[in-house]
Structure formats: structure tokens, C-alpha cells
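Visitor: Below is one structure. I have some questions about it.
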Amino acid sequence: MFSRMWTTKSTGTYLERIERLKKELEMTDAVVIGAGAGLSTSAGFVYNGERFKQHFSDFEEKYGFHDMYSGGFYPYCTLEEHWAYWSRYIYVNRYMDAPKPVYDKLLGLVKDKDYFVITTNVDHCFQKAGFDKKRLFYTQGDYGLFQCSEPCCNETFENEAIIRSMMEQQQNMRIPSALLPVCPHCGKPLTMNLRSDNRFVEDEGWHKAAERYELFIRRHQNMRVLFLELGVGYNTPGIIKYPFWQMTAKNPKITYACVNDGEAIGPKEIEQQAIYFNGDIGKVLDELDRKTGGSKFAGA
């Protein structure tokens with residue numbers, strides 16, 4: 001559909017683009033937020049460096065990996081070790097609050113608008129910040145859910161209670177065997193509800209969220225809409241980025257705004273409808289905050 005010509009340029013200076021985005025937020029009929037890992041990174045959810053050392057220095061010393069992602073793929077000898085690591089990983093990335101109020105500021109921008117969020121993130125930061133859960137579609141799963149490893153059913157299981165127990169009772173980087181999670185239906189080990197292969201469980205809640213998102217898009221297809229893409233990379237561009245481009249190209253009333261540190265780019269075909277910011281998402285939101293006198297953001 002699109003040519004091979006790309007652009008990262010938007011008309012105007014940085015502050016002029018901020019002003020344009022501010023006006024689009026004020027005038028649009030609806031906002032569709034598409035969020036990727038870059039949004040949580042801006043909020044301080046980084047998986048290496050000091051944050052990694054703060055929570056996983058013992059694992060680093062024993063197993064030799066230097067970031068949380070590597071630890072998630074480490075071939076632990078026992079399930080007790082595996083779940084000692086993963087319970088801590090889930091706790092710090094799902095049940096702890098984000099270090100910076102980026103999600104709170106984003107909510108402040110859209111809370112009085114007709115909005116919907118589609119995200120590939122699995123850390124639940126939107127709901128923790130106060131976004132309406134009926135306006136959220138977590139396409140790739142949730143750190144807060146288990147599923148059967150088989151899987152024997154299209155069902156997921158809340159894991160907060162068991163994760164907290166694993167955190168409290170683990171010793172020497174192992175959990176008690178009695179806490180190993182198993183499927184209540186077939187007895188097989190439970191695993192994370194994260195999309196990594198064809199065994200990912202799309203449960204009833206997932207399908208309802210997908211239907212709400214599709215209905216939202218259909219309901220606004222002839223209206224003025226702002227597609228606000230935040231921190232979406234190219235690992236799974238077919239979920240958010242490419243559909244946003246395609247819908248923008250089909251509707252001249254749509255504005256596509258992309259904020260991404262070093263990867264804000266789009267096809268030439270939508271250049272006149274696009275606003276690009278190659279930089280930190282939190283800083284762009286801070287600038288919008290200043291433009292609005294701080295009154296739009298939650299808690300201001």
C-alpha cells in the first residue's frame with residue numbers, strides 16, 4: 001500500500017509541533033493510544049543497569065546474566081529456582097508502581113476525551129495509573145496472569161497472591177516446592193500468559209477487549225481521530241504501527257502522532273497528517289503539561 005519513501009519530518013519546529021499536538025488533543029473526537037515498550041521505558045521500567053542490580057544482584061552473581069530479560073531465558077536447573085526468579089521479576093514489573101509518573105500524565109491528557117488504548121505492553125501500567133480497564137486491550141498478555149502450559153483450557157488465572165507468597169518465602173533464590181503453580185484442571189505446570197508461541201491463551205477477557213477495540217474503531221471511522229503512538233518499535237509492527245498508518249491514509253480527518261526515541265518514522269503518504277517526535281515520551285508530555293498550565297494532568 002505504501003511506497004518505500006519514509007519521513008521523520010513534521011512541519012514546524014519542536015515547539016510548533018507541540019502546539020499542533022495540543023490543538024489536536026483539544027479538537028479531536030476521539031483518541032486511540034497505541035503503546036509499546038518505549039512508553040514503560042520512559043516511565044522508568046528499565047530492565048538493566050541500577051534497577052536490575054537493585055532487585056537481582058544475587059541472581060547476577062550466581063548465574064552471570066546482567067539484565068532481567070536474560071534472566072527470564074536462563075535454563076534454571078529446577079522449577080523452584082525458575083519461579084524464584086520469575087516471581088521477583090513479575091513483582092517488580094507488574095505489582096510495583098512505575099518510578100516516573102509518565103502514565104499518570106498521559107491519563108491526564110485523555111481522561112476527558114473519548115479514548116481507547118491498544119498496547120503490546122504486559123506490565124499493566126495503564127490500569128495501575130487509573131485508565132478505565134474497559135478501554136484497554138492488552139494484546140500480548142499480562143504479567144499478572146498464569147495459564148496452563150499445555151494448555152488444556154482457554155482460561156487464565158490471577159497470580160498476585162501466589163507471586164507475593166513466592167516473594168515472601170523464597171530463600172537462596174529458591175521457592176518452597178509447595179508453591180509451584182499447577183493447573184487446577186489437569187495438574188500440568190502453569191506458565192506466564194505471555195504471547196511467545198501458538199500456546200498463548202486468548203481467554204474470554206482478551207476476546208471481549210478485542211471486540212471493544214474493534215467497535216471503538218468502527219464507531220469513529222468517519223470522525224476526527226488522533227492516533228497517538230507511543231514507544232512502538234518494530235518487533236510486532238502489525239499490531240499497532242501498520243494499522244495506524246493504514247487507517248490514517250484512508251481518512252483525511254485522522255492525525256497520526258508518533259513519539260519514539262530515535263524511531264519516529266512513517267510513510268510519505270501520510271506526511272501531511274503526521275506529527276513526529278524523536279525523543280523521550282516523558283519529556284514530550286512534560287512540554288504538553290507546560291503548554292496547558294498543568295491543568296490537564298491527573299493530580300495536578
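Chain lettering (A, B, ...) mirrors the order of the C-alpha cells, residue numbering begins at 1 for each chain separately, and ligand numbering begins at 1 in order of display.
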Find the residues around Glu214 of chain A up to 12 Å (only C-alpha atoms counted), leave out those fewer than 4 positions away in its own chain, and share them as a count of residues only.
Guide: 16
Visitor: Which neighbours of Leu15 of chain A fall inside 10 Å, counting only C-alpha atoms, when residues of the same chain fewer than 4 positions from it are skipped, and could you give them as a PyMOL selection string?
Guide: chain A and resi 19-21+284+287-288+291
Visitor: Closest to Ser196 of chain A among A:Ile18, A:Ala249, A:Ser149, A:Met68, using only C-alpha atoms?
Guide: A:Ser149
Visitor: So that I can check the surroundings of Lys253 of chain A, please list as a list in words every protein, DNA and RNA residue that reaches within 9 Å of it, counting only C-alpha atoms and ignoring chain neighbours fewer than 2 positions away.
Guide: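 These residues fall inside the cut-off: Asn222, Met223, Arg224, Val225, Leu226, Thr248, Asn251, Thr255 and Gln273 of chain A.
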Visitor: Segment 186-255 of chain A: which residues are strand (DSSP E) by DSSP, as a PyMOL selection string?
Guide: chain A and resi 190-194+225-230+254-255
Visitor: Taking a cut-off of 12 Å and counting only C-alpha atoms, can you build a table that, for each residue of segment 200-230 of chain A near segment 37-51 of chain A, reports the nearest atom pair and how far apart they are in Å (one decimal), sorted by chain then residue number, as CSV?
Guide:
```
residue,atom,partner,partner_atom,distance
A:Leu228,CA,A:Leu39,CA,11.6
A:Glu229,CA,A:Leu39,CA,9.5
A:Leu230,CA,A:Leu39,CA,5.9
```
Visitor: Could you pull the residues within 12 Å of Ser57 of chain A, counting only C-alpha atoms, minus those fewer than 3 positions along the same chain, as an NGL selection string?
Guide: :A and (48-54 or 60-68 or 71 or 85 or 88 or 173)
Visitor: Would you output that residue set with N, CA and C atoms, as a PDB file, in the first residue's frame?
Guide:
```pdb
ATOM      1  N   ASN A  48      17.723  -3.246  32.949  1.00  0.00           N
ATOM      2  CA  ASN A  48      19.144  -3.435  33.186  1.00  0.00           C
ATOM      3  C   ASN A  48      19.639  -2.322  34.111  1.00  0.00           C
ATOM      4  N   GLY A  49      20.952  -2.171  34.199  1.00  0.00           N
ATOM      5  CA  GLY A  49      21.510  -1.082  34.981  1.00  0.00           C
ATOM      6  C   GLY A  49      21.173  -1.161  36.465  1.00  0.00           C
ATOM      7  N   GLU A  50      20.994   0.015  37.080  1.00  0.00           N
ATOM      8  CA  GLU A  50      20.794   0.082  38.517  1.00  0.00           C
ATOM      9  C   GLU A  50      19.512  -0.615  38.975  1.00  0.00           C
ATOM     10  N   ARG A  51      18.467  -0.524  38.163  1.00  0.00           N
ATOM     11  CA  ARG A  51      17.210  -1.170  38.561  1.00  0.00           C
ATOM     12  C   ARG A  51      17.383  -2.690  38.607  1.00  0.00           C
ATOM     13  N   PHE A  52      18.113  -3.226  37.649  1.00  0.00           N
ATOM     14  CA  PHE A  52      18.394  -4.660  37.664  1.00  0.00           C
ATOM     15  C   PHE A  52      19.222  -5.028  38.894  1.00  0.00           C
ATOM     16  N   LYS A  53      20.265  -4.279  39.147  1.00  0.00           N
ATOM     17  CA  LYS A  53      21.144  -4.598  40.273  1.00  0.00           C
ATOM     18  C   LYS A  53      20.421  -4.457  41.607  1.00  0.00           C
ATOM     19  N   GLN A  54      19.502  -3.502  41.696  1.00  0.00           N
ATOM     20  CA  GLN A  54      18.759  -3.297  42.939  1.00  0.00           C
ATOM     21  C   GLN A  54      17.953  -4.531  43.327  1.00  0.00           C
ATOM     22  N   GLU A  60      22.493 -12.184  39.575  1.00  0.00           N
ATOM     23  CA  GLU A  60      23.604 -11.823  38.685  1.00  0.00           C
ATOM     24  C   GLU A  60      24.892 -12.491  39.156  1.00  0.00           C
ATOM     25  N   GLU A  61      25.127 -12.453  40.454  1.00  0.00           N
ATOM     26  CA  GLU A  61      26.354 -13.042  40.982  1.00  0.00           C
ATOM     27  C   GLU A  61      26.396 -14.557  40.793  1.00  0.00           C
ATOM     28  N   LYS A  62      25.263 -15.213  40.988  1.00  0.00           N
ATOM     29  CA  LYS A  62      25.251 -16.678  40.912  1.00  0.00           C
ATOM     30  C   LYS A  62      25.196 -17.200  39.476  1.00  0.00           C
ATOM     31  N   TYR A  63      24.384 -16.541  38.625  1.00  0.00           N
ATOM     32  CA  TYR A  63      24.131 -17.100  37.294  1.00  0.00           C
ATOM     33  C   TYR A  63      24.850 -16.359  36.161  1.00  0.00           C
ATOM     34  N   GLY A  64      25.333 -15.145  36.438  1.00  0.00           N
ATOM     35  CA  GLY A  64      26.172 -14.474  35.457  1.00  0.00           C
ATOM     36  C   GLY A  64      25.471 -13.658  34.393  1.00  0.00           C
ATOM     37  N   PHE A  65      24.147 -13.508  34.463  1.00  0.00           N
ATOM     38  CA  PHE A  65      23.479 -12.630  33.491  1.00  0.00           C
ATOM     39  C   PHE A  65      23.385 -11.219  34.058  1.00  0.00           C
ATOM     40  N   HIS A  66      23.161 -10.236  33.181  1.00  0.00           N
ATOM     41  CA  HIS A  66      23.285  -8.836  33.580  1.00  0.00           C
ATOM     42  C   HIS A  66      22.068  -7.985  33.249  1.00  0.00           C
ATOM     43  N   ASP A  67      20.948  -8.616  32.937  1.00  0.00           N
ATOM     44  CA  ASP A  67      19.707  -7.879  32.722  1.00  0.00           C
ATOM     45  C   ASP A  67      18.536  -8.821  32.965  1.00  0.00           C
ATOM     46  N   MET A  68      17.355  -8.243  33.164  1.00  0.00           N
ATOM     47  CA  MET A  68      16.180  -9.047  33.515  1.00  0.00           C
ATOM     48  C   MET A  68      15.735  -9.963  32.384  1.00  0.00           C
ATOM     49  N   GLY A  71      17.734 -13.100  32.315  1.00  0.00           N
ATOM     50  CA  GLY A  71      17.350 -13.969  33.424  1.00  0.00           C
ATOM     51  C   GLY A  71      16.089 -14.746  33.160  1.00  0.00           C
ATOM     52  N   TYR A  85      13.112 -16.699  40.483  1.00  0.00           N
ATOM     53  CA  TYR A  85      13.446 -15.576  39.604  1.00  0.00           C
ATOM     54  C   TYR A  85      12.188 -14.914  39.061  1.00  0.00           C
ATOM     55  N   ARG A  88      10.014 -12.778  41.409  1.00  0.00           N
ATOM     56  CA  ARG A  88      10.613 -11.469  41.664  1.00  0.00           C
ATOM     57  C   ARG A  88      10.470 -10.564  40.436  1.00  0.00           C
ATOM     58  N   MET A 173      17.427 -18.002  46.574  1.00  0.00           N
ATOM     59  CA  MET A 173      16.975 -17.998  45.176  1.00  0.00           C
ATOM     60  C   MET A 173      16.214 -19.277  44.811  1.00  0.00           C
TER      61      MET A 173
END
```
Visitor: Here is a test: counting only C-alpha atoms, which residue of A:Arg195, A:Ile162, A:Cys125, A:Tyr138 is nearest to Ile175 of chain A?
Guide: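 Closest candidate: A:Ile162.
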Visitor: Mind giving me the straight-line distance from atom CA of Lys268 of chain A to atom CA of Tyr256 of chain A in Å, one decimal?
Guide: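 Calculated distance between atom CA of Lys268 of chain A and atom CA of Tyr256 of chain A is 12.4 Å.
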Visitor: Within 12 Å of Gln147 of chain A, counting only C-alpha atoms, which residues qualify if same-chain residues fewer than 3 places away don't, as a ChimeraX atom specification?
Guide: /A:141-144,150-159,181-195,199-203
Visitor: So which residues touch Asp97 of chain A within 9 Å, counting only C-alpha atoms, skipping near sequence neighbours fewer than 5 positions away, as a PyMOL selection string?
Guide: chain A and resi 92+125+128-129
Visitor: Write to file, as a PDB file, in the first residue's frame, the residues of the selection just made, with N, CA and C atoms.
Guide:
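As a result, again38.pdb now contains:
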```pdb
ATOM      1  N   VAL A  92       8.325  -6.969  40.539  1.00  0.00           N
ATOM      2  CA  VAL A  92       8.886  -5.627  40.314  1.00  0.00           C
ATOM      3  C   VAL A  92       8.353  -4.996  39.039  1.00  0.00           C
ATOM      4  N   CYS A 125       0.666  -1.129  33.462  1.00  0.00           N
ATOM      5  CA  CYS A 125       0.853   0.238  33.961  1.00  0.00           C
ATOM      6  C   CYS A 125      -0.361   1.126  33.693  1.00  0.00           C
ATOM      7  N   LYS A 128      -2.949   0.478  36.476  1.00  0.00           N
ATOM      8  CA  LYS A 128      -2.431   0.968  37.759  1.00  0.00           C
ATOM      9  C   LYS A 128      -2.491   2.486  37.839  1.00  0.00           C
ATOM     10  N   ALA A 129      -2.368   3.158  36.682  1.00  0.00           N
ATOM     11  CA  ALA A 129      -2.418   4.626  36.659  1.00  0.00           C
ATOM     12  C   ALA A 129      -3.842   5.155  36.710  1.00  0.00           C
TER      13      ALA A 129
END
```
